[in-house]
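The data block below is data_30.pdb; it holds PDB, C-alpha atoms, pLDDT in the B column.
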```
ATOM      1  CA  MET A  13      -9.888 170.639  93.576  1.00 41.00           C
ATOM      2  CA  SER A  14     -10.396 167.950  96.205  1.00 48.00           C
ATOM      3  CA  ALA A  15     -12.957 168.687  98.899  1.00 55.00           C
ATOM      4  CA  GLN A  16     -10.601 167.247 101.496  1.00 69.00           C
ATOM      5  CA  ALA A  17      -9.415 169.936 103.924  1.00 77.00           C
ATOM      6  CA  TRP A  18      -5.743 170.793 104.004  1.00 82.00           C
ATOM      7  CA  GLN A  19      -4.137 169.756 107.284  1.00 88.00           C
ATOM      8  CA  LEU A  20      -0.501 169.969 108.293  1.00 91.00           C
ATOM      9  CA  GLN A  21       0.956 166.488 108.760  1.00 92.00           C
ATOM     10  CA  ALA A  22       4.596 167.282 109.475  1.00 94.00           C
ATOM     11  CA  LYS A  23       7.478 169.636 108.778  1.00 95.00           C
ATOM     12  CA  LEU A  24      10.751 168.438 107.272  1.00 96.00           C
ATOM     13  CA  LEU A  25      13.817 170.452 108.279  1.00 97.00           C
ATOM     14  CA  ILE A  26      16.545 170.326 105.642  1.00 97.00           C
ATOM     15  CA  ARG A  27      19.935 171.528 106.830  1.00 97.00           C
ATOM     16  CA  ALA A  28      23.209 171.757 104.925  1.00 97.00           C
ATOM     17  CA  ARG A  29      26.432 173.685 104.585  1.00 97.00           C
ATOM     18  CA  LEU A  30      26.960 175.571 101.333  1.00 98.00           C
ATOM     19  CA  ARG A  31      30.610 175.884 100.302  1.00 97.00           C
ATOM     20  CA  CYS A  32      31.724 178.410  97.687  1.00 96.00           C
ATOM     21  CA  LEU A  33      33.993 176.717  95.141  1.00 96.00           C
ATOM     22  CA  THR A  34      34.557 180.019  93.326  1.00 94.00           C
ATOM     23  CA  GLY A  35      33.929 183.641  94.233  1.00 92.00           C
ATOM     24  CA  LEU A  36      30.228 184.373  94.813  1.00 92.00           C
ATOM     25  CA  HIS A  37      28.475 187.591  93.815  1.00 89.00           C
ATOM     26  CA  ILE A  38      24.873 188.191  94.867  1.00 88.00           C
ATOM     27  CA  GLY A  39      24.313 191.870  94.272  1.00 78.00           C
ATOM     28  CA  GLY A  40      23.312 194.307  96.976  1.00 55.00           C
ATOM     29  CA  SER A  41      22.572 198.020  97.009  1.00 51.00           C
ATOM     30  CA  GLN A  42      24.637 200.993  98.071  1.00 53.00           C
ATOM     31  CA  GLU A  43      23.499 204.484  98.962  1.00 45.00           C
ATOM     32  CA  GLY A  44      26.194 206.210  96.960  1.00 43.00           C
ATOM     33  CA  VAL A  45      29.222 205.457  94.799  1.00 44.00           C
ATOM     34  CA  GLU A  46      32.507 206.746  96.138  1.00 44.00           C
ATOM     35  CA  ILE A  47      35.432 207.664  93.922  1.00 39.00           C
ATOM     36  CA  GLY A  48      37.612 204.575  93.759  1.00 43.00           C
ATOM     37  CA  GLY A  49      34.876 202.511  95.398  1.00 44.00           C
ATOM     38  CA  VAL A  50      33.334 199.214  94.384  1.00 50.00           C
ATOM     39  CA  ASP A  51      31.025 199.280  91.366  1.00 53.00           C
ATOM     40  CA  ASN A  52      29.049 196.118  92.178  1.00 72.00           C
ATOM     41  CA  VAL A  53      28.747 195.260  95.860  1.00 83.00           C
ATOM     42  CA  VAL A  54      27.411 192.059  97.425  1.00 83.00           C
ATOM     43  CA  VAL A  55      24.371 191.961  99.685  1.00 90.00           C
ATOM     44  CA  LYS A  56      25.283 192.214 103.386  1.00 90.00           C
ATOM     45  CA  ASP A  57      23.539 191.805 106.706  1.00 91.00           C
ATOM     46  CA  PRO A  58      22.919 195.345 108.052  1.00 90.00           C
ATOM     47  CA  MET A  59      23.387 194.109 111.628  1.00 92.00           C
ATOM     48  CA  THR A  60      26.872 192.649 111.115  1.00 90.00           C
ATOM     49  CA  ASP A  61      27.972 194.036 107.713  1.00 87.00           C
ATOM     50  CA  LEU A  62      28.835 190.461 106.721  1.00 91.00           C
ATOM     51  CA  PRO A  63      27.825 188.876 103.392  1.00 93.00           C
ATOM     52  CA  TYR A  64      24.905 186.463 103.397  1.00 94.00           C
ATOM     53  CA  ILE A  65      22.843 184.513 100.855  1.00 95.00           C
ATOM     54  CA  PRO A  66      19.205 185.656 100.628  1.00 96.00           C
ATOM     55  CA  GLY A  67      16.713 182.812 100.753  1.00 96.00           C
ATOM     56  CA  SER A  68      14.959 184.325  97.741  1.00 93.00           C
ATOM     57  CA  SER A  69      18.145 184.016  95.649  1.00 94.00           C
ATOM     58  CA  LEU A  70      18.677 180.373  96.572  1.00 96.00           C
ATOM     59  CA  LYS A  71      15.028 179.359  96.204  1.00 95.00           C
ATOM     60  CA  GLY A  72      14.646 181.214  92.920  1.00 92.00           C
ATOM     61  CA  LYS A  73      17.640 179.455  91.388  1.00 94.00           C
ATOM     62  CA  MET A  74      16.453 176.068  92.652  1.00 95.00           C
ATOM     63  CA  ARG A  75      13.020 176.641  91.141  1.00 92.00           C
ATOM     64  CA  SER A  76      14.445 177.763  87.805  1.00 91.00           C
ATOM     65  CA  LEU A  77      16.616 174.656  87.517  1.00 94.00           C
ATOM     66  CA  LEU A  78      13.711 172.352  88.408  1.00 93.00           C
ATOM     67  CA  GLU A  79      11.557 174.084  85.773  1.00 91.00           C
ATOM     68  CA  TRP A  80      14.161 173.222  83.131  1.00 91.00           C
ATOM     69  CA  ALA A  81      14.432 169.646  84.409  1.00 92.00           C
ATOM     70  CA  GLU A  82      10.633 169.208  84.337  1.00 89.00           C
ATOM     71  CA  GLY A  83      10.223 170.805  80.896  1.00 86.00           C
ATOM     72  CA  LYS A  84       8.225 173.732  82.255  1.00 84.00           C
ATOM     73  CA  VAL A  85      10.100 176.529  80.455  1.00 81.00           C
ATOM     74  CA  GLU A  86       7.894 178.023  77.772  1.00 75.00           C
ATOM     75  CA  PRO A  87       9.325 178.638  74.252  1.00 69.00           C
ATOM     76  CA  GLY A  88      10.676 182.135  73.841  1.00 63.00           C
ATOM     77  CA  ARG A  89      10.847 182.800  77.553  1.00 56.00           C
ATOM     78  CA  ARG A  90      14.092 184.332  78.729  1.00 56.00           C
ATOM     79  CA  GLY A  91      15.547 186.952  81.028  1.00 54.00           C
ATOM     80  CA  SER A  92      13.394 188.059  83.955  1.00 52.00           C
ATOM     81  CA  ALA A  93      10.157 186.528  82.708  1.00 56.00           C
ATOM     82  CA  PRO A  94       7.779 185.385  85.486  1.00 62.00           C
ATOM     83  CA  PRO A  95       8.209 181.820  86.779  1.00 68.00           C
ATOM     84  CA  HIS A  96       6.064 178.950  85.578  1.00 75.00           C
ATOM     85  CA  ASN A  97       2.529 178.953  87.024  1.00 72.00           C
ATOM     86  CA  CYS A  98      -0.244 176.486  86.363  1.00 75.00           C
ATOM     87  CA  ASP A  99      -3.283 174.933  88.001  1.00 67.00           C
ATOM     88  CA  ARG A 100      -2.293 171.299  87.539  1.00 73.00           C
ATOM     89  CA  GLU A 101      -2.499 169.270  90.724  1.00 74.00           C
ATOM     90  CA  ASP A 102       0.361 167.041  89.527  1.00 78.00           C
ATOM     91  CA  CYS A 103       2.810 169.929  88.873  1.00 84.00           C
ATOM     92  CA  VAL A 104       5.688 169.346  91.265  1.00 87.00           C
ATOM     93  CA  VAL A 105       7.242 172.760  90.526  1.00 88.00           C
ATOM     94  CA  CYS A 106       4.185 174.732  91.623  1.00 86.00           C
ATOM     95  CA  LYS A 107       3.429 172.342  94.473  1.00 86.00           C
ATOM     96  CA  VAL A 108       6.931 172.572  95.963  1.00 89.00           C
ATOM     97  CA  PHE A 109       7.875 176.173  95.185  1.00 89.00           C
ATOM     98  CA  GLY A 110       4.444 177.823  95.016  1.00 83.00           C
ATOM     99  CA  ARG A 111       3.069 180.260  92.475  1.00 75.00           C
ATOM    100  CA  SER A 112       2.434 183.966  92.107  1.00 67.00           C
ATOM    101  CA  ALA A 113      -0.129 185.590  94.363  1.00 62.00           C
ATOM    102  CA  GLY A 114      -3.700 184.881  93.400  1.00 59.00           C
ATOM    103  CA  GLU A 115      -6.370 182.292  93.949  1.00 55.00           C
ATOM    104  CA  GLU A 116      -5.426 179.083  95.704  1.00 57.00           C
ATOM    105  CA  ALA A 117      -4.609 176.393  93.176  1.00 61.00           C
ATOM    106  CA  ALA A 118      -5.490 172.717  93.187  1.00 66.00           C
ATOM    107  CA  TYR A 119      -2.199 171.687  94.782  1.00 70.00           C
ATOM    108  CA  GLY A 120      -2.674 173.798  97.919  1.00 76.00           C
ATOM    109  CA  PRO A 121      -0.155 175.915  99.848  1.00 83.00           C
ATOM    110  CA  THR A 122       3.516 176.378  98.988  1.00 87.00           C
ATOM    111  CA  ARG A 123       5.524 173.548 100.534  1.00 91.00           C
ATOM    112  CA  LEU A 124       9.101 174.874 100.606  1.00 95.00           C
ATOM    113  CA  ALA A 125      10.429 177.824 102.617  1.00 95.00           C
ATOM    114  CA  VAL A 126      14.113 178.773 102.293  1.00 97.00           C
ATOM    115  CA  ALA A 127      15.752 180.858 105.011  1.00 97.00           C
ATOM    116  CA  ASP A 128      18.552 183.382 104.533  1.00 97.00           C
ATOM    117  CA  SER A 129      21.961 181.693 104.861  1.00 97.00           C
ATOM    118  CA  PHE A 130      24.614 183.277 107.057  1.00 97.00           C
ATOM    119  CA  PRO A 131      28.350 182.503 107.240  1.00 96.00           C
ATOM    120  CA  THR A 132      29.468 179.734 109.573  1.00 96.00           C
ATOM    121  CA  GLU A 133      31.545 180.567 112.638  1.00 95.00           C
ATOM    122  CA  GLU A 134      34.577 178.878 111.042  1.00 94.00           C
ATOM    123  CA  THR A 135      34.243 181.052 107.944  1.00 93.00           C
ATOM    124  CA  LYS A 136      33.974 184.236 109.984  1.00 91.00           C
ATOM    125  CA  LYS A 137      37.183 183.298 111.795  1.00 90.00           C
ATOM    126  CA  GLU A 138      38.921 182.566 108.482  1.00 88.00           C
ATOM    127  CA  TRP A 139      37.867 185.948 107.123  1.00 87.00           C
ATOM    128  CA  GLU A 140      39.298 187.645 110.194  1.00 84.00           C
ATOM    129  CA  ALA A 141      42.568 185.719 109.962  1.00 81.00           C
ATOM    130  CA  VAL A 142      43.210 185.969 106.214  1.00 76.00           C
ATOM    131  CA  LEU A 143      41.609 189.188 104.992  1.00 66.00           C
ATOM    132  CA  ASP A 144      43.037 192.553 106.017  1.00 62.00           C
ATOM    133  CA  ARG A 145      41.491 195.391 108.028  1.00 57.00           C
ATOM    134  CA  GLY A 146      38.244 193.624 108.794  1.00 59.00           C
ATOM    135  CA  ILE A 147      37.385 193.248 105.090  1.00 67.00           C
ATOM    136  CA  ASN A 148      35.409 190.049 104.453  1.00 77.00           C
ATOM    137  CA  THR A 149      35.168 190.094 100.655  1.00 79.00           C
ATOM    138  CA  GLU A 150      37.431 190.257  97.626  1.00 79.00           C
ATOM    139  CA  ILE A 151      37.403 192.681  94.701  1.00 79.00           C
ATOM    140  CA  LYS A 152      37.707 191.228  91.206  1.00 77.00           C
ATOM    141  CA  TRP A 153      38.513 193.561  88.316  1.00 62.00           C
ATOM    142  CA  GLU A 154      37.287 192.850  84.809  1.00 66.00           C
ATOM    143  CA  ASN A 155      37.333 194.589  81.437  1.00 59.00           C
ATOM    144  CA  ALA A 156      34.348 194.942  79.137  1.00 65.00           C
ATOM    145  CA  ILE A 157      35.741 195.304  75.604  1.00 65.00           C
ATOM    146  CA  ASP A 158      33.828 197.230  72.942  1.00 59.00           C
ATOM    147  CA  ARG A 159      33.981 194.895  69.942  1.00 65.00           C
ATOM    148  CA  ILE A 160      33.779 197.801  67.478  1.00 70.00           C
ATOM    149  CA  THR A 161      36.300 200.256  68.940  1.00 66.00           C
ATOM    150  CA  SER A 162      38.273 197.771  71.114  1.00 57.00           C
ATOM    151  CA  GLN A 163      37.985 200.282  73.931  1.00 63.00           C
ATOM    152  CA  ALA A 164      38.284 198.770  77.398  1.00 55.00           C
ATOM    153  CA  ASN A 165      35.787 199.621  80.104  1.00 62.00           C
ATOM    154  CA  PRO A 166      37.198 198.426  83.442  1.00 63.00           C
ATOM    155  CA  ARG A 167      34.772 197.463  86.196  1.00 72.00           C
ATOM    156  CA  ASN A 168      34.988 195.641  89.495  1.00 78.00           C
ATOM    157  CA  PHE A 169      32.845 193.159  91.396  1.00 78.00           C
ATOM    158  CA  GLU A 170      32.789 192.462  95.091  1.00 85.00           C
ATOM    159  CA  ARG A 171      32.758 188.709  95.768  1.00 88.00           C
ATOM    160  CA  VAL A 172      32.542 186.333  98.681  1.00 90.00           C
ATOM    161  CA  PRO A 173      35.914 184.492  98.589  1.00 91.00           C
ATOM    162  CA  ARG A 174      36.059 180.854  97.506  1.00 92.00           C
ATOM    163  CA  GLY A 175      36.118 178.418 100.409  1.00 93.00           C
ATOM    164  CA  SER A 176      33.585 180.439 102.386  1.00 94.00           C
ATOM    165  CA  CYS A 177      30.760 178.407 103.931  1.00 96.00           C
ATOM    166  CA  PHE A 178      27.169 179.284 104.836  1.00 97.00           C
ATOM    167  CA  ASP A 179      24.579 177.502 106.977  1.00 98.00           C
ATOM    168  CA  VAL A 180      21.529 176.551 104.891  1.00 98.00           C
ATOM    169  CA  GLU A 181      18.129 175.704 106.338  1.00 98.00           C
ATOM    170  CA  MET A 182      14.872 174.944 104.548  1.00 97.00           C
ATOM    171  CA  ILE A 183      11.469 173.844 105.825  1.00 97.00           C
ATOM    172  CA  PHE A 184       9.200 171.586 103.784  1.00 96.00           C
ATOM    173  CA  ASP A 185       5.560 171.447 104.901  1.00 95.00           C
ATOM    174  CA  VAL A 186       3.721 168.153 104.399  1.00 93.00           C
ATOM    175  CA  TYR A 187      -0.067 168.357 103.935  1.00 91.00           C
ATOM    176  CA  ARG A 188      -0.791 164.948 102.424  1.00 86.00           C
ATOM    177  CA  PRO A 189       0.537 161.541 103.591  1.00 82.00           C
ATOM    178  CA  ASP A 190       2.399 160.875 100.322  1.00 84.00           C
ATOM    179  CA  GLU A 191       4.014 164.298  99.928  1.00 87.00           C
ATOM    180  CA  GLU A 192       7.298 163.456 101.646  1.00 87.00           C
ATOM    181  CA  LYS A 193       8.279 161.826  98.351  1.00 88.00           C
ATOM    182  CA  LEU A 194       8.463 165.359  96.915  1.00 90.00           C
ATOM    183  CA  LEU A 195      11.559 165.900  99.030  1.00 93.00           C
ATOM    184  CA  ASP A 196      13.588 164.359  96.207  1.00 93.00           C
ATOM    185  CA  CYS A 197      12.551 167.277  93.957  1.00 93.00           C
ATOM    186  CA  VAL A 198      14.220 169.617  96.440  1.00 95.00           C
ATOM    187  CA  LEU A 199      17.367 167.488  96.525  1.00 96.00           C
ATOM    188  CA  LEU A 200      17.361 167.251  92.716  1.00 96.00           C
ATOM    189  CA  SER A 201      17.328 171.044  92.448  1.00 96.00           C
ATOM    190  CA  LEU A 202      20.292 171.233  94.842  1.00 97.00           C
ATOM    191  CA  GLN A 203      22.223 168.691  92.778  1.00 97.00           C
ATOM    192  CA  LEU A 204      21.455 170.614  89.588  1.00 97.00           C
ATOM    193  CA  LEU A 205      22.641 173.814  91.273  1.00 97.00           C
ATOM    194  CA  GLU A 206      26.025 172.235  91.992  1.00 97.00           C
ATOM    195  CA  ASP A 207      26.533 171.913  88.238  1.00 96.00           C
ATOM    196  CA  SER A 208      25.239 175.414  87.564  1.00 95.00           C
ATOM    197  CA  TYR A 209      25.908 178.617  89.511  1.00 95.00           C
ATOM    198  CA  LEU A 210      24.384 180.826  92.176  1.00 95.00           C
ATOM    199  CA  GLY A 211      24.185 184.602  91.892  1.00 90.00           C
ATOM    200  CA  GLY A 212      25.488 186.745  89.056  1.00 86.00           C
ATOM    201  CA  GLN A 213      28.251 186.408  86.465  1.00 81.00           C
ATOM    202  CA  GLY A 214      28.016 182.616  86.431  1.00 79.00           C
ATOM    203  CA  SER A 215      29.163 182.309  82.820  1.00 85.00           C
ATOM    204  CA  ARG A 216      32.377 184.059  83.874  1.00 84.00           C
ATOM    205  CA  GLY A 217      33.173 181.519  86.557  1.00 84.00           C
ATOM    206  CA  TYR A 218      31.398 183.028  89.545  1.00 88.00           C
ATOM    207  CA  GLY A 219      29.029 181.230  91.897  1.00 91.00           C
ATOM    208  CA  ARG A 220      30.054 177.559  91.787  1.00 96.00           C
ATOM    209  CA  VAL A 221      28.853 175.966  95.041  1.00 96.00           C
ATOM    210  CA  LYS A 222      28.680 172.590  96.752  1.00 97.00           C
ATOM    211  CA  PHE A 223      26.357 171.327  99.498  1.00 97.00           C
ATOM    212  CA  GLU A 224      27.909 169.360 102.356  1.00 96.00           C
ATOM    213  CA  ASP A 225      26.816 167.684 105.620  1.00 96.00           C
ATOM    214  CA  LEU A 226      23.118 167.471 104.762  1.00 96.00           C
ATOM    215  CA  SER A 227      20.397 166.203 107.074  1.00 96.00           C
ATOM    216  CA  VAL A 228      16.614 165.848 106.996  1.00 96.00           C
ATOM    217  CA  THR A 229      14.619 165.898 110.248  1.00 96.00           C
ATOM    218  CA  ARG A 230      10.899 165.226 110.467  1.00 95.00           C
ATOM    219  CA  ARG A 231       8.802 167.054 113.041  1.00 95.00           C
ATOM    220  CA  PRO A 232       5.274 165.606 113.080  1.00 94.00           C
ATOM    221  CA  LEU A 233       2.294 167.705 114.109  1.00 93.00           C
ATOM    222  CA  GLU A 234       2.416 165.991 117.511  1.00 94.00           C
ATOM    223  CA  TYR A 235       5.881 167.481 118.073  1.00 94.00           C
ATOM    224  CA  TYR A 236       4.327 170.944 118.320  1.00 93.00           C
ATOM    225  CA  THR A 237       1.721 169.797 120.856  1.00 90.00           C
ATOM    226  CA  ASN A 238       4.361 168.063 123.040  1.00 91.00           C
ATOM    227  CA  GLU A 239       2.891 164.670 122.178  1.00 89.00           C
ATOM    228  CA  GLY A 240       5.642 163.412 119.857  1.00 89.00           C
ATOM    229  CA  ASP A 241       9.344 163.648 119.065  1.00 93.00           C
ATOM    230  CA  GLU A 242      11.299 164.726 116.022  1.00 93.00           C
ATOM    231  CA  GLN A 243      13.018 162.052 113.944  1.00 94.00           C
ATOM    232  CA  LEU A 244      16.228 162.182 111.921  1.00 94.00           C
ATOM    233  CA  LEU A 245      15.190 160.768 108.544  1.00 93.00           C
ATOM    234  CA  ALA A 246      18.461 160.908 106.643  1.00 92.00           C
ATOM    235  CA  GLN A 247      21.893 162.468 106.566  1.00 93.00           C
ATOM    236  CA  GLY A 248      24.759 162.458 104.102  1.00 94.00           C
ATOM    237  CA  ALA A 249      28.034 164.145 103.291  1.00 94.00           C
ATOM    238  CA  SER A 250      26.753 165.170  99.843  1.00 95.00           C
ATOM    239  CA  VAL A 251      23.507 165.618  97.921  1.00 95.00           C
ATOM    240  CA  VAL A 252      24.225 162.478  95.884  1.00 94.00           C
ATOM    241  CA  GLU A 253      24.741 160.428  99.037  1.00 94.00           C
ATOM    242  CA  LEU A 254      21.513 161.726 100.548  1.00 93.00           C
ATOM    243  CA  ARG A 255      19.507 161.004  97.370  1.00 91.00           C
ATOM    244  CA  GLN A 256      20.788 157.427  97.285  1.00 89.00           C
ATOM    245  CA  GLN A 257      19.131 156.679 100.618  1.00 82.00           C
ATOM    246  CA  PRO A 258      15.600 155.226 100.765  1.00 75.00           C
ATOM    247  CA  ALA A 259      12.775 157.729 100.326  1.00 67.00           C
ATOM    248  CA  PRO A 260      11.203 158.993 103.587  1.00 62.00           C
ATOM    249  CA  GLN A 261       8.365 156.880 104.860  1.00 61.00           C
ATOM    250  CA  ALA A 262       4.981 158.530 104.417  1.00 54.00           C
ATOM    251  CA  VAL A 263       3.355 160.072 107.475  1.00 52.00           C
ATOM    252  CA  GLY A 264       1.145 157.506 109.146  1.00 52.00           C
ATOM    253  CA  GLU A 265       2.520 154.605 107.072  1.00 52.00           C
ATOM    254  CA  GLU A 266       3.392 151.538 109.061  1.00 47.00           C
ATOM    255  CA  THR A 267       6.671 149.718 108.517  1.00 40.00           C
ATOM    256  CA  ILE A 268       6.147 146.178 107.291  1.00 33.00           C
TER     257      ILE A 268
END
```

Target encoding structure tokens, full file:
Amino acid sequence: MSAQAWQLQAKLLIRARLRCLTGLHIGGSQEGVEIGGVDNVVVKDPMTDLPYIPGSSLKGKMRSLLEWAEGKVEPGRRGSAPPHNCDREDCVVCKVFGRSAGEEAAYGPTRLAVADSFPTEETKKEWEAVLDRGINTEIKWENAIDRITSQANPRNFERVPRGSCFDVEMIFDVYRPDEEKLLDCVLLSLQLLEDSYLGGQGSRGYGRVKFEDLSVTRRPLEYYTNEGDEQLLAQGASVVELRQQPAPQAVGEETI
């Protein structure tokens, strides 16, 4: 590990709008099951009783997809196995998304923090206008068929309706002058997610999403001491458009 001390250089604020292209199910908990109630509920904000997307769900899916893209998935690993962890300083997965609790690794602190995503004001108004009696989700019924007896076992899932939008915000901490280039790993994981799914039941058509109206803002260390200003680095209508723009200039690098 380098003897050079870790020092915060800047924070990159990544903002976007996540649009549900199909119904979204990220499971929540319920205290009891009522007769005729929903079998599989979605997670909801206890303050408003509205659905939201936990930052842990979004970050976990992004990390998993980047692990596959970087060839970090170990043979035989499947299901809820622990995420990839290593001590390699050049591992972008561990550097960006962090590792399990333990000794500090060669690549330093976790760079990416993903906040919980809450529905936009427009979506909340659409829910109120379209859905009845203050209900802000849909119920989808399915049948699980026993392949031996052909017996049907009906079940239902609560879903966030397609077309719903959520405000997404992430913060990427920069500790070395050249680390802003790692931002493309974050954008790559978002692009991979658009061709995958978020939440549960993805193989059955749930959880297709798209990211819109993205922006990246840099706040240098001087911003927090009232000695500098934030700077809009890039913005785009889609992840692809944002990735096609020039990479952010390294902190402290002069423009030639």

Straight-line distance linking atom CA of Asp185 of chain A with atom CA of Arg231 of chain A, stated in Å to one decimal: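 Distance reported for this atom pair: 9.8 Å.
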
Suppose a student applies the PyMOL selection byres ((chain A and resi 198) around 9) to this structure; what residues should they get, written as a PDB file with C-alpha atoms, in the frame of the given file?
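Generated file (part_21.pdb):
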```pdb
ATOM      1  CA  MET A  74      16.453 176.068  92.652  1.00 95.00           C
ATOM      2  CA  ARG A  75      13.020 176.641  91.141  1.00 92.00           C
ATOM      3  CA  LEU A  78      13.711 172.352  88.408  1.00 93.00           C
ATOM      4  CA  VAL A 108       6.931 172.572  95.963  1.00 89.00           C
ATOM      5  CA  LEU A 124       9.101 174.874 100.606  1.00 95.00           C
ATOM      6  CA  LEU A 194       8.463 165.359  96.915  1.00 90.00           C
ATOM      7  CA  LEU A 195      11.559 165.900  99.030  1.00 93.00           C
ATOM      8  CA  ASP A 196      13.588 164.359  96.207  1.00 93.00           C
ATOM      9  CA  CYS A 197      12.551 167.277  93.957  1.00 93.00           C
ATOM     10  CA  LEU A 199      17.367 167.488  96.525  1.00 96.00           C
ATOM     11  CA  LEU A 200      17.361 167.251  92.716  1.00 96.00           C
ATOM     12  CA  SER A 201      17.328 171.044  92.448  1.00 96.00           C
ATOM     13  CA  LEU A 202      20.292 171.233  94.842  1.00 97.00           C
ATOM     14  CA  GLN A 203      22.223 168.691  92.778  1.00 97.00           C
TER      15      GLN A 203
END
```

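Candidate residues A:Arg171, A:Arg188, A:Lys222, A:Lys71 were compared for distance to Ala17 of chain A, and the nearest is A:Arg188, using all atoms listed in the file.
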
Option closest in space to Pro66 of chain A, from A:Val105, A:Ala246, A:Val180, A:Ile26 [counting all atoms listed in the file]: A:Val180

d(atom CA of Val55 of chain A, atom CA of Leu226 of chain A) in Å: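 Pair atom CA of Val55 of chain A / atom CA of Leu226 of chain A returns 25.0 Å.
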
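Closest approach to Thr34 of chain A among A:Tyr209, A:Phe223, A:Tyr64, A:Trp80: A:Tyr209, based on all atoms listed in the file.
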
Two-atom distance - atom CA of Phe178 of chain A, atom CA of Ala141 of chain A (Å):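 Rounded to one decimal, the two atoms are 17.5 Å apart.
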
Given the PyMOL selection byres ((chain A and resi 228) around 8), the residues it picks as a list of chain:residue names: A:Leu24, A:Leu25, A:Ile26, A:Arg27, A:Leu226, A:Ser227, A:Thr229, A:Arg230, A:Leu244, A:Leu245, A:Ala246, A:Gln247

Cut-off 7 Å around (31.7, 194.9, 93.9) with all atoms listed in the file: residues as JSON, numbers by chain: {"A": [50, 51, 52, 53, 54, 151, 168, 169, 170, 171]}

Residue subset to file, keeping C-alpha atoms, as a compact mmCIF listing (two decimals), in the coordinates of the input:
```
# COMPACT_ATOMS: atom_id res chain seq x y z
CA VAL A 50 33.33 199.21 94.38
CA ASP A 51 31.02 199.28 91.37
CA ASN A 52 29.05 196.12 92.18
CA VAL A 53 28.75 195.26 95.86
CA VAL A 54 27.41 192.06 97.42
CA ILE A 151 37.40 192.68 94.70
CA ASN A 168 34.99 195.64 89.50
CA PHE A 169 32.84 193.16 91.40
CA GLU A 170 32.79 192.46 95.09
CA ARG A 171 32.76 188.71 95.77
```

The PyMOL selection byres ((chain A and resi 212) around 9) applied to the shown file, residues as a ChimeraX atom specification: /A:36-39,209-211,213-215,218-219

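When all atoms listed in the file are used to measure the gap to Cys106 of chain A, the shortest distance among A:Arg123, A:Glu242, A:Met59, A:Thr132 belongs to A:Arg123.
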
Residue nearest Arg220 of chain A - candidates A:Ala22, A:Arg174, A:Ala28, A:Glu192, atoms counted: only C-alpha atoms: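 Using only C-alpha atoms, Arg220 of chain A sits closest to A:Arg174.
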
Polymer residues at most 6 Å from (4.6, 173.4, 107.1) by all atoms listed in the file, as a list in words: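 Residues lying no farther than 6 Å from the given point: Lys23, Phe184, Asp185 and Val186 of chain A.
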
Please report, as AutoDock Vina command-line options, the centre and edge lengths in Å to one decimal of an axis-aligned box covering all listed atoms of segment 17-33 of chain A with 6 Å per side.
```
--center_x 12.3 --center_y 172.4 --center_z 102.3 --size_x 55.4 --size_y 23.9 --size_z 26.3
```

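Residue neighbourhood of Glu79 of chain A, excluding near-sequence residues (fewer than 5 positions): Lys84, Val85, His96 and Val105 of chain A, at 8 Å, using all atoms listed in the file.
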
Pick from A:Thr237, A:Asp190, A:Val142, A:Arg29, whichever lies nearest to Cys177 of chain A using all atoms listed in the file: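 Answer, going by the shortest atom-to-atom distance: A:Arg29.
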